[in-house]
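Raw contents of start_19.cif, mmCIF, C-alpha atoms:
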data_entry
#
loop_
_atom_site.group_PDB
_atom_site.id
_atom_site.type_symbol
_atom_site.label_atom_id
_atom_site.label_comp_id
_atom_site.auth_asym_id
_atom_site.auth_seq_id
_atom_site.Cartn_x
_atom_site.Cartn_y
_atom_site.Cartn_z
ATOM 1 C CA MET A 1 -6.190 0.510 -17.467
ATOM 2 C CA LYS A 2 -9.328 1.617 -15.664
ATOM 3 C CA TYR A 3 -9.542 4.528 -13.239
ATOM 4 C CA ARG A 4 -11.388 5.235 -9.994
ATOM 5 C CA THR A 5 -12.039 8.421 -8.044
ATOM 6 C CA LEU A 6 -9.657 8.939 -5.121
ATOM 7 C CA GLY A 7 -11.923 10.189 -2.360
ATOM 8 C CA ARG A 8 -12.590 13.937 -2.489
ATOM 9 C CA THR A 9 -9.329 14.818 -4.253
ATOM 10 C CA GLY A 10 -10.972 14.796 -7.669
ATOM 11 C CA TRP A 11 -8.130 12.634 -8.972
ATOM 12 C CA GLN A 12 -8.925 9.701 -11.210
ATOM 13 C CA VAL A 13 -6.276 7.124 -10.309
ATOM 14 C CA SER A 14 -5.325 3.869 -11.978
ATOM 15 C CA GLU A 15 -7.171 1.103 -10.140
ATOM 16 C CA ILE A 16 -3.947 -0.866 -10.044
ATOM 17 C CA SER A 17 -1.185 1.563 -9.189
ATOM 18 C CA PHE A 18 2.391 1.117 -7.924
ATOM 19 C CA GLY A 19 3.800 0.658 -4.424
ATOM 20 C CA ALA A 20 7.451 1.719 -4.315
ATOM 21 C CA TRP A 21 8.721 0.064 -1.128
ATOM 22 C CA ALA A 22 10.547 -2.609 -3.114
ATOM 23 C CA VAL A 23 12.464 -0.153 -5.290
ATOM 24 C CA GLY A 24 13.778 1.536 -2.152
ATOM 25 C CA GLY A 25 14.943 -1.491 -0.219
ATOM 26 C CA SER A 26 14.035 -4.189 2.330
ATOM 27 C CA TRP A 27 13.052 -6.574 -0.476
ATOM 28 C CA GLY A 28 16.465 -7.914 -1.433
ATOM 29 C CA SER A 29 18.826 -6.508 -4.028
ATOM 30 C CA VAL A 30 17.525 -3.787 -6.292
ATOM 31 C CA ALA A 31 19.160 -1.790 -9.098
ATOM 32 C CA ASP A 32 18.044 1.780 -9.761
ATOM 33 C CA ASP A 33 18.236 1.451 -13.544
ATOM 34 C CA GLU A 34 15.984 -1.611 -13.498
ATOM 35 C CA SER A 35 13.649 0.089 -11.043
ATOM 36 C CA LEU A 36 13.325 3.048 -13.397
ATOM 37 C CA GLN A 37 12.547 0.669 -16.251
ATOM 38 C CA ALA A 38 9.754 -0.788 -14.118
ATOM 39 C CA LEU A 39 8.414 2.687 -13.301
ATOM 40 C CA HIS A 40 8.475 3.727 -16.955
ATOM 41 C CA ARG A 41 6.687 0.529 -17.923
ATOM 42 C CA ALA A 42 3.989 1.281 -15.372
ATOM 43 C CA LEU A 43 3.471 4.724 -16.905
ATOM 44 C CA ASP A 44 3.390 3.192 -20.389
ATOM 45 C CA LEU A 45 0.549 0.924 -19.273
ATOM 46 C CA GLY A 46 -1.557 3.667 -17.746
ATOM 47 C CA VAL A 47 -0.471 3.928 -14.106
ATOM 48 C CA ASN A 48 -0.763 7.498 -12.853
ATOM 49 C CA PHE A 49 -0.424 7.020 -9.079
ATOM 50 C CA PHE A 50 2.649 5.911 -7.137
ATOM 51 C CA ASP A 51 3.082 5.395 -3.397
ATOM 52 C CA THR A 52 6.420 5.784 -1.655
ATOM 53 C CA ALA A 53 7.808 6.853 1.746
ATOM 54 C CA ASP A 54 10.753 8.771 3.127
ATOM 55 C CA VAL A 55 12.150 5.649 4.811
ATOM 56 C CA TYR A 56 12.119 3.433 1.710
ATOM 57 C CA GLY A 57 15.851 3.121 1.182
ATOM 58 C CA ASP A 58 16.357 6.227 3.349
ATOM 59 C CA GLY A 59 15.014 8.453 0.568
ATOM 60 C CA ARG A 60 16.226 6.317 -2.336
ATOM 61 C CA SER A 61 12.700 5.553 -3.516
ATOM 62 C CA GLU A 62 11.651 9.219 -3.364
ATOM 63 C CA ARG A 63 14.738 10.270 -5.315
ATOM 64 C CA LEU A 64 13.862 7.795 -8.072
ATOM 65 C CA PHE A 65 10.595 9.666 -8.550
ATOM 66 C CA ALA A 66 12.477 12.928 -8.905
ATOM 67 C CA ARG A 67 14.324 11.320 -11.811
ATOM 68 C CA LEU A 68 11.111 9.912 -13.234
ATOM 69 C CA ARG A 69 9.330 13.275 -13.062
ATOM 70 C CA LYS A 70 12.114 14.844 -15.138
ATOM 71 C CA GLU A 71 11.776 12.125 -17.764
ATOM 72 C CA ARG A 72 7.950 11.980 -17.734
ATOM 73 C CA PRO A 73 6.782 15.379 -16.426
ATOM 74 C CA GLY A 74 3.173 16.030 -15.542
ATOM 75 C CA THR A 75 1.919 12.487 -16.020
ATOM 76 C CA PHE A 76 1.440 11.110 -12.502
ATOM 77 C CA HIS A 77 0.793 11.708 -8.804
ATOM 78 C CA VAL A 78 3.208 10.684 -6.035
ATOM 79 C CA ALA A 79 2.051 9.926 -2.503
ATOM 80 C CA THR A 80 4.699 9.729 0.172
ATOM 81 C CA LYS A 81 4.677 9.029 3.908
ATOM 82 C CA ALA A 82 6.275 10.447 7.034
ATOM 83 C CA GLY A 83 6.802 9.425 10.638
ATOM 84 C CA ARG A 84 8.804 6.218 10.579
ATOM 85 C CA ARG A 85 12.073 8.136 10.682
ATOM 86 C CA LEU A 86 11.375 8.732 14.363
ATOM 87 C CA ASP A 87 13.648 6.779 16.714
ATOM 88 C CA PRO A 88 12.096 5.886 19.011
ATOM 89 C CA HIS A 89 8.873 5.726 17.027
ATOM 90 C CA VAL A 90 6.555 7.219 19.643
ATOM 91 C CA ALA A 91 3.429 9.371 19.506
ATOM 92 C CA SER A 92 5.138 12.423 21.014
ATOM 93 C CA GLY A 93 7.439 12.531 17.988
ATOM 94 C CA TYR A 94 4.492 13.460 15.753
ATOM 95 C CA ASN A 95 4.919 17.144 16.549
ATOM 96 C CA ARG A 96 5.115 20.292 14.434
ATOM 97 C CA ALA A 97 8.909 20.460 14.304
ATOM 98 C CA ASN A 98 9.399 16.849 13.265
ATOM 99 C CA LEU A 99 6.546 16.707 10.761
ATOM 100 C CA THR A 100 7.687 19.945 9.146
ATOM 101 C CA ALA A 101 11.258 18.633 8.889
ATOM 102 C CA PHE A 102 10.069 15.354 7.359
ATOM 103 C CA VAL A 103 8.001 17.215 4.782
ATOM 104 C CA GLU A 104 10.899 19.472 3.851
ATOM 105 C CA ARG A 105 13.166 16.458 3.402
ATOM 106 C CA SER A 106 10.628 14.722 1.152
ATOM 107 C CA LEU A 107 10.170 17.893 -0.881
ATOM 108 C CA LYS A 108 13.930 17.969 -1.412
ATOM 109 C CA ASN A 109 14.141 14.268 -2.298
ATOM 110 C CA LEU A 110 11.234 14.509 -4.732
ATOM 111 C CA GLU A 111 12.335 17.915 -6.047
ATOM 112 C CA MET A 112 8.816 19.262 -5.633
ATOM 113 C CA GLU A 113 7.443 22.503 -4.190
ATOM 114 C CA THR A 114 4.247 20.857 -2.932
ATOM 115 C CA LEU A 115 3.695 17.212 -2.025
ATOM 116 C CA ASP A 116 0.723 15.680 -3.844
ATOM 117 C CA LEU A 117 -0.327 13.548 -0.879
ATOM 118 C CA LEU A 118 1.385 13.043 2.479
ATOM 119 C CA GLN A 119 0.375 10.116 4.676
ATOM 120 C CA LEU A 120 1.208 9.544 8.322
ATOM 121 C CA HIS A 121 3.212 6.313 8.203
ATOM 122 C CA CYS A 122 1.562 3.812 10.533
ATOM 123 C CA PRO A 123 1.901 5.942 13.649
ATOM 124 C CA PRO A 124 1.190 4.594 17.135
ATOM 125 C CA THR A 125 -2.545 4.298 17.810
ATOM 126 C CA GLU A 126 -2.336 7.183 20.293
ATOM 127 C CA VAL A 127 -1.628 9.621 17.432
ATOM 128 C CA TYR A 128 -5.164 9.207 16.099
ATOM 129 C CA TYR A 129 -6.396 10.662 19.395
ATOM 130 C CA MET A 130 -4.181 13.758 19.080
ATOM 131 C CA PRO A 131 -6.150 16.380 17.080
ATOM 132 C CA GLU A 132 -3.164 18.710 17.213
ATOM 133 C CA VAL A 133 -1.270 16.389 14.821
ATOM 134 C CA PHE A 134 -3.956 16.815 12.190
ATOM 135 C CA GLY A 135 -3.934 20.543 12.888
ATOM 136 C CA VAL A 136 -0.251 20.607 11.920
ATOM 137 C CA LEU A 137 -1.116 18.859 8.664
ATOM 138 C CA ASP A 138 -3.868 21.416 8.014
ATOM 139 C CA ASP A 139 -1.304 24.178 8.518
ATOM 140 C CA LEU A 140 1.105 22.514 6.077
ATOM 141 C CA VAL A 141 -1.677 22.440 3.490
ATOM 142 C CA GLN A 142 -2.349 26.148 4.097
ATOM 143 C CA ALA A 143 1.374 26.852 3.733
ATOM 144 C CA GLY A 144 1.399 25.196 0.325
ATOM 145 C CA LYS A 145 3.668 22.330 1.405
ATOM 146 C CA LEU A 146 0.972 19.668 0.916
ATOM 147 C CA ARG A 147 -1.892 19.393 -1.511
ATOM 148 C CA TYR A 148 -3.669 16.681 0.470
ATOM 149 C CA TYR A 149 -2.991 14.380 3.404
ATOM 150 C CA GLY A 150 -4.087 10.973 4.621
ATOM 151 C CA VAL A 151 -2.934 8.091 6.784
ATOM 152 C CA SER A 152 -1.438 4.650 6.456
ATOM 153 C CA VAL A 153 -2.720 2.374 9.209
ATOM 154 C CA GLU A 154 -2.097 -1.025 10.735
ATOM 155 C CA LYS A 155 -5.548 -1.538 12.255
ATOM 156 C CA VAL A 156 -9.151 -1.083 11.188
ATOM 157 C CA GLU A 157 -9.809 0.766 14.446
ATOM 158 C CA GLU A 158 -7.157 3.348 13.512
ATOM 159 C CA ALA A 159 -8.734 3.806 10.089
ATOM 160 C CA LEU A 160 -12.163 4.411 11.609
ATOM 161 C CA LYS A 161 -10.738 6.995 14.008
ATOM 162 C CA ALA A 162 -8.694 8.727 11.283
ATOM 163 C CA ILE A 163 -11.662 9.445 9.051
ATOM 164 C CA GLU A 164 -13.318 11.409 11.842
ATOM 165 C CA TYR A 165 -10.860 14.193 10.945
ATOM 166 C CA PRO A 166 -12.520 16.134 8.124
ATOM 167 C CA ASN A 167 -9.430 16.707 5.989
ATOM 168 C CA VAL A 168 -8.149 13.123 5.932
ATOM 169 C CA GLN A 169 -8.527 12.355 2.234
ATOM 170 C CA THR A 170 -7.169 8.799 2.052
ATOM 171 C CA VAL A 171 -6.551 5.721 4.149
ATOM 172 C CA GLN A 172 -3.944 3.185 3.167
ATOM 173 C CA ILE A 173 -4.664 -0.206 4.733
ATOM 174 C CA ILE A 174 -3.616 -3.813 4.257
ATOM 175 C CA PHE A 175 -6.348 -5.532 2.282
ATOM 176 C CA ASN A 176 -5.892 -8.813 0.472
ATOM 177 C CA LEU A 177 -7.150 -12.400 0.417
ATOM 178 C CA PHE A 178 -5.410 -12.957 3.771
ATOM 179 C CA ARG A 179 -6.603 -9.700 5.381
ATOM 180 C CA GLN A 180 -10.316 -9.243 4.735
ATOM 181 C CA ARG A 181 -11.469 -7.446 7.877
ATOM 182 C CA PRO A 182 -11.475 -3.916 6.347
ATOM 183 C CA ALA A 183 -14.427 -4.935 4.168
ATOM 184 C CA ASP A 184 -16.587 -5.728 7.221
ATOM 185 C CA LEU A 185 -17.216 -2.185 8.470
ATOM 186 C CA PHE A 186 -14.538 0.236 7.399
ATOM 187 C CA PHE A 187 -15.265 0.250 3.667
ATOM 188 C CA ALA A 188 -18.841 1.406 4.172
ATOM 189 C CA GLN A 189 -17.716 4.139 6.559
ATOM 190 C CA ALA A 190 -15.009 5.303 4.150
ATOM 191 C CA GLN A 191 -17.526 5.537 1.326
ATOM 192 C CA GLN A 192 -19.880 7.522 3.555
ATOM 193 C CA HIS A 193 -17.056 9.976 4.318
ATOM 194 C CA GLN A 194 -15.880 9.965 0.675
ATOM 195 C CA VAL A 195 -12.412 8.835 1.714
ATOM 196 C CA GLY A 196 -10.129 7.132 -0.795
ATOM 197 C CA ILE A 197 -8.784 3.660 0.056
ATOM 198 C CA LEU A 198 -5.345 2.447 -1.006
ATOM 199 C CA ALA A 199 -5.101 -1.339 -0.656
ATOM 200 C CA ARG A 200 -1.537 -2.029 0.395
ATOM 201 C CA VAL A 201 0.343 -5.338 0.674
ATOM 202 C CA PRO A 202 -2.160 -6.658 -1.903
ATOM 203 C CA LEU A 203 -0.123 -9.779 -2.628
ATOM 204 C CA ALA A 204 0.765 -10.547 1.016
ATOM 205 C CA SER A 205 4.483 -9.871 0.450
ATOM 206 C CA GLY A 206 4.418 -12.098 -2.623
ATOM 207 C CA MET A 207 2.818 -15.092 -0.920
ATOM 208 C CA LEU A 208 -0.332 -14.708 -3.024
ATOM 209 C CA THR A 209 1.656 -14.921 -6.265
ATOM 210 C CA GLY A 210 1.970 -18.675 -5.702
ATOM 211 C CA LYS A 211 5.673 -18.506 -6.565
ATOM 212 C CA PHE A 212 7.024 -19.531 -3.153
ATOM 213 C CA THR A 213 7.793 -23.027 -1.878
ATOM 214 C CA ARG A 214 9.095 -24.427 1.387
ATOM 215 C CA ASP A 215 12.586 -24.082 -0.094
ATOM 216 C CA SER A 216 12.234 -20.392 -1.012
ATOM 217 C CA HIS A 217 15.145 -18.309 0.245
ATOM 218 C CA PHE A 218 15.138 -14.586 0.976
ATOM 219 C CA GLU A 219 18.186 -12.356 1.207
ATOM 220 C CA ALA A 220 19.256 -11.174 4.645
ATOM 221 C CA GLN A 221 18.136 -7.584 3.946
ATOM 222 C CA ASP A 222 14.675 -8.748 2.811
ATOM 223 C CA HIS A 223 11.973 -8.235 5.473
ATOM 224 C CA ARG A 224 10.518 -11.622 4.480
ATOM 225 C CA ALA A 225 13.625 -13.113 6.082
ATOM 226 C CA PHE A 226 13.997 -10.869 9.133
ATOM 227 C CA ASN A 227 10.476 -9.764 10.123
ATOM 228 C CA ARG A 228 8.305 -12.883 10.051
ATOM 229 C CA HIS A 229 7.512 -12.545 13.746
ATOM 230 C CA GLY A 230 7.605 -8.751 13.965
ATOM 231 C CA GLU A 231 11.266 -8.468 14.899
ATOM 232 C CA ALA A 232 11.711 -5.138 13.066
ATOM 233 C CA PHE A 233 8.192 -3.728 12.634
ATOM 234 C CA ASP A 234 4.591 -4.899 12.770
ATOM 235 C CA ARG A 235 4.449 -8.573 11.836
ATOM 236 C CA GLY A 236 1.289 -7.946 9.835
ATOM 237 C CA GLU A 237 3.429 -6.209 7.208
ATOM 238 C CA THR A 238 5.166 -9.493 6.318
ATOM 239 C CA PHE A 239 3.018 -12.139 4.582
ATOM 240 C CA ALA A 240 0.026 -10.185 5.999
ATOM 241 C CA GLY A 241 0.737 -11.745 9.401
ATOM 242 C CA VAL A 242 0.119 -15.318 8.226
ATOM 243 C CA ASP A 243 2.804 -17.881 9.030
ATOM 244 C CA PHE A 244 4.737 -19.133 6.021
ATOM 245 C CA GLU A 245 3.540 -22.751 6.094
ATOM 246 C CA THR A 246 -0.134 -21.828 6.448
ATOM 247 C CA GLY A 247 0.264 -19.323 3.658
ATOM 248 C CA LEU A 248 1.702 -21.919 1.300
ATOM 249 C CA GLN A 249 -1.053 -24.419 2.072
ATOM 250 C CA THR A 250 -3.843 -21.871 1.634
ATOM 251 C CA VAL A 251 -2.448 -20.594 -1.661
ATOM 252 C CA GLU A 252 -2.439 -24.146 -3.013
ATOM 253 C CA GLU A 253 -6.139 -24.411 -2.173
ATOM 254 C CA MET A 254 -6.765 -21.066 -3.879
ATOM 255 C CA ARG A 255 -4.988 -22.353 -6.951
ATOM 256 C CA GLN A 256 -7.828 -24.845 -7.431
ATOM 257 C CA LEU A 257 -10.249 -21.919 -7.891
ATOM 258 C CA LEU A 258 -8.283 -20.141 -10.623
ATOM 259 C CA PRO A 259 -10.266 -19.306 -13.764
ATOM 260 C CA ALA A 260 -8.641 -20.495 -16.963
ATOM 261 C CA GLY A 261 -5.836 -18.284 -18.210
ATOM 262 C CA MET A 262 -5.403 -16.335 -14.971
ATOM 263 C CA THR A 263 -2.297 -16.360 -12.766
ATOM 264 C CA LEU A 264 -2.534 -16.309 -8.981
ATOM 265 C CA THR A 265 -1.100 -12.794 -8.970
ATOM 266 C CA GLN A 266 -3.838 -11.600 -11.291
ATOM 267 C CA PHE A 267 -6.431 -13.543 -9.293
ATOM 268 C CA ALA A 268 -5.420 -11.901 -6.013
ATOM 269 C CA LEU A 269 -5.451 -8.407 -7.511
ATOM 270 C CA ARG A 270 -8.721 -8.962 -9.381
ATOM 271 C CA TRP A 271 -10.319 -10.044 -6.089
ATOM 272 C CA ILE A 272 -9.398 -6.672 -4.530
ATOM 273 C CA LEU A 273 -10.953 -4.828 -7.454
ATOM 274 C CA MET A 274 -14.261 -6.567 -6.760
ATOM 275 C CA PHE A 275 -14.728 -4.070 -3.887
ATOM 276 C CA PRO A 276 -15.913 -0.690 -5.214
ATOM 277 C CA ALA A 277 -14.817 1.106 -2.036
ATOM 278 C CA VAL A 278 -11.185 0.479 -3.003
ATOM 279 C CA SER A 279 -9.697 3.350 -4.981
ATOM 280 C CA CYS A 280 -6.642 1.395 -6.048
ATOM 281 C CA ALA A 281 -4.392 -1.521 -5.167
ATOM 282 C CA ILE A 282 -0.685 -0.715 -4.904
ATOM 283 C CA PRO A 283 1.378 -3.850 -5.612
ATOM 284 C CA GLY A 284 5.128 -3.436 -5.734
ATOM 285 C CA ALA A 285 7.459 -4.420 -8.540
ATOM 286 C CA LYS A 286 11.175 -4.292 -9.193
ATOM 287 C CA ARG A 287 11.141 -5.382 -12.845
ATOM 288 C CA PRO A 288 9.060 -4.498 -15.918
ATOM 289 C CA ALA A 289 7.746 -8.059 -16.247
ATOM 290 C CA GLN A 290 6.301 -7.889 -12.723
ATOM 291 C CA VAL A 291 4.619 -4.601 -13.601
ATOM 292 C CA GLU A 292 3.030 -6.141 -16.677
ATOM 293 C CA GLU A 293 1.628 -9.113 -14.767
ATOM 294 C CA ASN A 294 0.254 -6.894 -12.004
ATOM 295 C CA LEU A 295 -1.426 -4.418 -14.319
ATOM 296 C CA SER A 296 -2.972 -7.035 -16.570
ATOM 297 C CA ALA A 297 -5.339 -7.911 -13.711
ATOM 298 C CA ALA A 298 -7.254 -4.693 -14.407
ATOM 299 C CA ASP A 299 -8.272 -6.013 -17.833
ATOM 300 C CA LEU A 300 -9.687 -9.307 -16.571
ATOM 301 C CA PRO A 301 -13.425 -9.970 -16.144
ATOM 302 C CA PRO A 302 -14.976 -9.878 -12.671
ATOM 303 C CA LEU A 303 -14.787 -13.028 -10.541
ATOM 304 C CA ASP A 304 -18.090 -14.855 -10.367
ATOM 305 C CA ASP A 305 -20.199 -15.139 -7.220
ATOM 306 C CA GLU A 306 -19.333 -18.790 -6.654
ATOM 307 C CA ILE A 307 -15.591 -18.114 -6.663
ATOM 308 C CA MET A 308 -16.059 -15.174 -4.300
ATOM 309 C CA ARG A 309 -18.092 -17.368 -1.959
ATOM 310 C CA LYS A 310 -15.461 -20.114 -1.959
ATOM 311 C CA LEU A 311 -12.657 -17.642 -1.307
ATOM 312 C CA LYS A 312 -14.562 -16.246 1.660
ATOM 313 C CA ALA A 313 -15.132 -19.754 3.029
ATOM 314 C CA LEU A 314 -11.428 -20.559 2.655
ATOM 315 C CA TYR A 315 -10.511 -17.373 4.500
ATOM 316 C CA ASP A 316 -12.979 -18.136 7.287
ATOM 317 C CA GLN A 317 -11.609 -21.635 7.724
ATOM 318 C CA ARG A 318 -7.870 -21.148 7.274
ATOM 319 C CA ILE A 319 -6.963 -17.518 7.890
ATOM 320 C CA ARG A 320 -9.578 -15.708 9.975
ATOM 321 C CA PRO A 321 -8.583 -17.323 13.305
ATOM 322 C CA LEU A 322 -4.952 -16.268 12.759
ATOM 323 C CA VAL A 323 -5.288 -12.612 11.766
ATOM 324 C CA HIS A 324 -8.816 -11.239 11.785
ATOM 325 C CA HIS A 325 -8.949 -9.870 15.320
ATOM 326 C CA TYR A 326 -5.370 -8.561 15.445
ATOM 327 C CA TRP A 327 -5.675 -5.850 12.813
#
Translate the structure described by the file into structure tokens.
Amino acid sequence: MKYRTLGRTGWQVSEISFGAWAVGGSWGSVADDESLQALHRALDLGVNFFDTADVYGDGRSERLFARLRKERPGTFHVATKAGRRLDPHVASGYNRANLTAFVERSLKNLEMETLDLLQLHCPPTEVYYMPEVFGVLDDLVQAGKLRYYGVSVEKVEEALKAIEYPNVQTVQIIFNLFRQRPADLFFAQAQQHQVGILARVPLASGMLTGKFTRDSHFEAQDHRAFNRHGEAFDRGETFAGVDFETGLQTVEEMRQLLPAGMTLTQFALRWILMFPAVSCAIPGAKRPAQVEENLSAADLPPLDDEIMRKLKALYDQRIRPLVHHYW
């Protein structure tokens, strides 16, 4: 495993880390014992940064990390998120009382006295124009409830606004072969502000693994079955906002560019690591074997210029018109 600096935190984090949405829920059936095996395997292979949220399985994912910390104390950082518990999910809900309550609940779930990193969880755009929200986060840092804070965003515009606040340490944003817009402007701005970047949904909800077909079936509780058009939350969270058929066709074209001995999963993750502004990619996994495939991408050689050029051309032709200007 290789490590990169996470913004101004001083942390050196595994460049492929672990996103824990899947071990909480909304990705089909999951067993806690198997999830813990996957988390232990990630630690064995050098992962030292994990991303979760209070709504992943209604705290289930956070509570798994409390168990993991007891079994592997002092070996990793946990980032969590707050805000999506609001119902309705509106900007006015991002107030001192609610944010404080969310933090206290996460502290209890994680069995920690101070959260390593708290991220606002894809709040409405209006929140980024409410300095008082970031003032509350500053106060929570001063109170010893948070070590650092950042944001998880849907749109590049939100990311650019967020980093105007001096104590935003990290931005989590969808960045993958189907969502390339962050590299246009935001990455350079983040580097200038010394803000860490967490590349989320790096495999486009599994589409970029190349393991799906037109006959693939997803369980009813899997967001890949119920959120393809944004029925439950932002549609860009599911398959990166690309329709299923287009995704399948584009992945087959990408398959023709694979270097020998590399899987599509590794290819997609290695592409993300070609961007030095990215602190880490956070693919999810529910089983140890998935962890191993994800993390092996960090050991692969860089993609050559010709492959990078062809991938950009494929994006411009197939994907850009569908997603680029939405997020």
Problem - Answer key for the PyMOL selection byres ((chain A and resi 13-20) around 6), residues as a ChimeraX atom specification - result: /A:2-4,11-12,21-23,47-52,280-284
Exercise for the section: Go through A:Ala97, A:Ile272, A:Val242, A:Ala232 one by one, measure the shortest atom-to-atom distance of each to Ala204 (chain A) using all atoms listed in the file, and give the residue with the smallest value. Expected result: A:Val242
Neighbouring residues of region 90-95 of chain A were defined as those with any atom within 7 Å, considering all atoms listed in the file; residues of the same chain fewer than 2 positions away were excluded. Please report them as a compact mmCIF listing (two decimals) with C-alpha atoms, in the frame of the given file.
# COMPACT_ATOMS: atom_id res chain seq x y z
CA GLY A 83 6.80 9.43 10.64
CA LEU A 86 11.38 8.73 14.36
CA PRO A 88 12.10 5.89 19.01
CA ALA A 97 8.91 20.46 14.30
CA ASN A 98 9.40 16.85 13.26
CA LEU A 99 6.55 16.71 10.76
CA PRO A 123 1.90 5.94 13.65
CA PRO A 124 1.19 4.59 17.14
CA GLU A 126 -2.34 7.18 20.29
CA VAL A 127 -1.63 9.62 17.43
CA VAL A 133 -1.27 16.39 14.82
Problem - Selected residue of minimal separation from Ala297 (chain A) among A:Phe102, A:Phe186, A:Phe218, A:Phe267, counting all atoms listed in the file - result: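 Smallest distance to Ala297 (chain A) is found for A:Phe267.
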Where is the centre and how long are the edges: axis-aligned box on region 234-238 of chain A, 8 Å on each side, Å to one decimal, as AutoDock Vina command-line options:
--center_x 3.2 --center_y -7.2 --center_z 9.5 --size_x 19.9 --size_y 20.6 --size_z 22.5
Handout entry: Separation of CA of Met207 (chain A) from CA of Gln317 (chain A) in Å
Key =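 Distance reported for this atom pair: 18.0 Å.
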Problem - Explicit residues for the PyMOL selection byres ((chain A and resi 241) around 12) (as a ChimeraX atom specification) - result: /A:154,174-179,201,204-205,207,224,227-230,233-240,242-247,319-327
Problem - Using all atoms listed in the file: which of A:Gln256, A:Gln180, A:Thr250, A:Thr114 has the shortest distance to His77 (chain A) - result: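 Among the listed residues, the smallest separation from His77 (chain A) belongs to A:Thr114.
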Practice task
Please write the residues picked by the PyMOL selection byres ((chain A and resi 257) around 9) on this file as a PyMOL selection string.
Solution key: chain A and resi 253-256+258-259+307+310-311
Practice task
Please work out which residues fall within 12 Å of (3.7, -5.1, -15.8), coordinates as given in the file, with all atoms listed in the file counting, and return them as a ChimeraX atom specification.
Solution key: /A:1,16-18,37-47,265-266,283-298
Exercise for the section: Grab the CA of Ser106 (chain A) to CA of Glu62 (chain A) distance for me, in Å with one decimal place. Expected result: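 Here the two named atoms are 7.2 Å from each other.
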Problem - Pick from A:Glu71, A:Asp222, A:Glu104, A:Asp139 nearest to Asn167 (chain A), counting all atoms listed in the file - result: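 Of all the options, A:Asp139 lies closest to Asn167 (chain A).
Between CA of Lys81 (chain A) and CA of Leu140 (chain A) the interatomic distance comes to 14.1 Å.
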Problem - Arg63 (chain A) surroundings by all atoms listed in the file, 12 Å radius, close-in-sequence under 2 positions cut, as a ChimeraX atom specification - result: /A:20,23-24,32,35-36,52-61,65-70,78,80,105-112
Please complete region 192-203 of chain A with N, CA and C atoms and give it back as a PDB file, in the coordinates of the input.
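Below you can see out-v2.pdb, which holds the result:
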ATOM      1  N   GLN A 192     -18.992   6.498   3.007  1.00  0.00           N
ATOM      2  CA  GLN A 192     -19.880   7.522   3.555  1.00  0.00           C
ATOM      3  C   GLN A 192     -19.146   8.856   3.732  1.00  0.00           C
ATOM      4  N   HIS A 193     -17.860   8.768   4.112  1.00  0.00           N
ATOM      5  CA  HIS A 193     -17.056   9.976   4.318  1.00  0.00           C
ATOM      6  C   HIS A 193     -16.347  10.420   3.037  1.00  0.00           C
ATOM      7  N   GLN A 194     -16.546   9.688   1.955  1.00  0.00           N
ATOM      8  CA  GLN A 194     -15.880   9.965   0.675  1.00  0.00           C
ATOM      9  C   GLN A 194     -14.362  10.002   0.831  1.00  0.00           C
ATOM     10  N   VAL A 195     -13.847   8.982   1.492  1.00  0.00           N
ATOM     11  CA  VAL A 195     -12.412   8.835   1.714  1.00  0.00           C
ATOM     12  C   VAL A 195     -11.858   7.780   0.757  1.00  0.00           C
ATOM     13  N   GLY A 196     -10.758   8.091   0.105  1.00  0.00           N
ATOM     14  CA  GLY A 196     -10.129   7.132  -0.795  1.00  0.00           C
ATOM     15  C   GLY A 196      -9.435   6.025  -0.021  1.00  0.00           C
ATOM     16  N   ILE A 197      -9.429   4.815  -0.580  1.00  0.00           N
ATOM     17  CA  ILE A 197      -8.784   3.660   0.056  1.00  0.00           C
ATOM     18  C   ILE A 197      -7.691   3.124  -0.860  1.00  0.00           C
ATOM     19  N   LEU A 198      -6.470   3.046  -0.314  1.00  0.00           N
ATOM     20  CA  LEU A 198      -5.345   2.447  -1.006  1.00  0.00           C
ATOM     21  C   LEU A 198      -5.099   1.078  -0.380  1.00  0.00           C
ATOM     22  N   ALA A 199      -5.279   0.027  -1.165  1.00  0.00           N
ATOM     23  CA  ALA A 199      -5.101  -1.339  -0.656  1.00  0.00           C
ATOM     24  C   ALA A 199      -3.631  -1.717  -0.759  1.00  0.00           C
ATOM     25  N   ARG A 200      -2.965  -1.725   0.397  1.00  0.00           N
ATOM     26  CA  ARG A 200      -1.537  -2.029   0.395  1.00  0.00           C
ATOM     27  C   ARG A 200      -1.284  -3.487   0.753  1.00  0.00           C
ATOM     28  N   VAL A 201      -0.050  -3.931   0.510  1.00  0.00           N
ATOM     29  CA  VAL A 201       0.343  -5.338   0.674  1.00  0.00           C
ATOM     30  C   VAL A 201      -0.670  -6.246  -0.030  1.00  0.00           C
ATOM     31  N   PRO A 202      -1.073  -5.915  -1.255  1.00  0.00           N
ATOM     32  CA  PRO A 202      -2.160  -6.658  -1.903  1.00  0.00           C
ATOM     33  C   PRO A 202      -1.821  -8.102  -2.237  1.00  0.00           C
ATOM     34  N   LEU A 203      -0.538  -8.412  -2.303  1.00  0.00           N
ATOM     35  CA  LEU A 203      -0.123  -9.779  -2.628  1.00  0.00           C
ATOM     36  C   LEU A 203       0.498 -10.483  -1.422  1.00  0.00           C
TER      37      LEU A 203
END
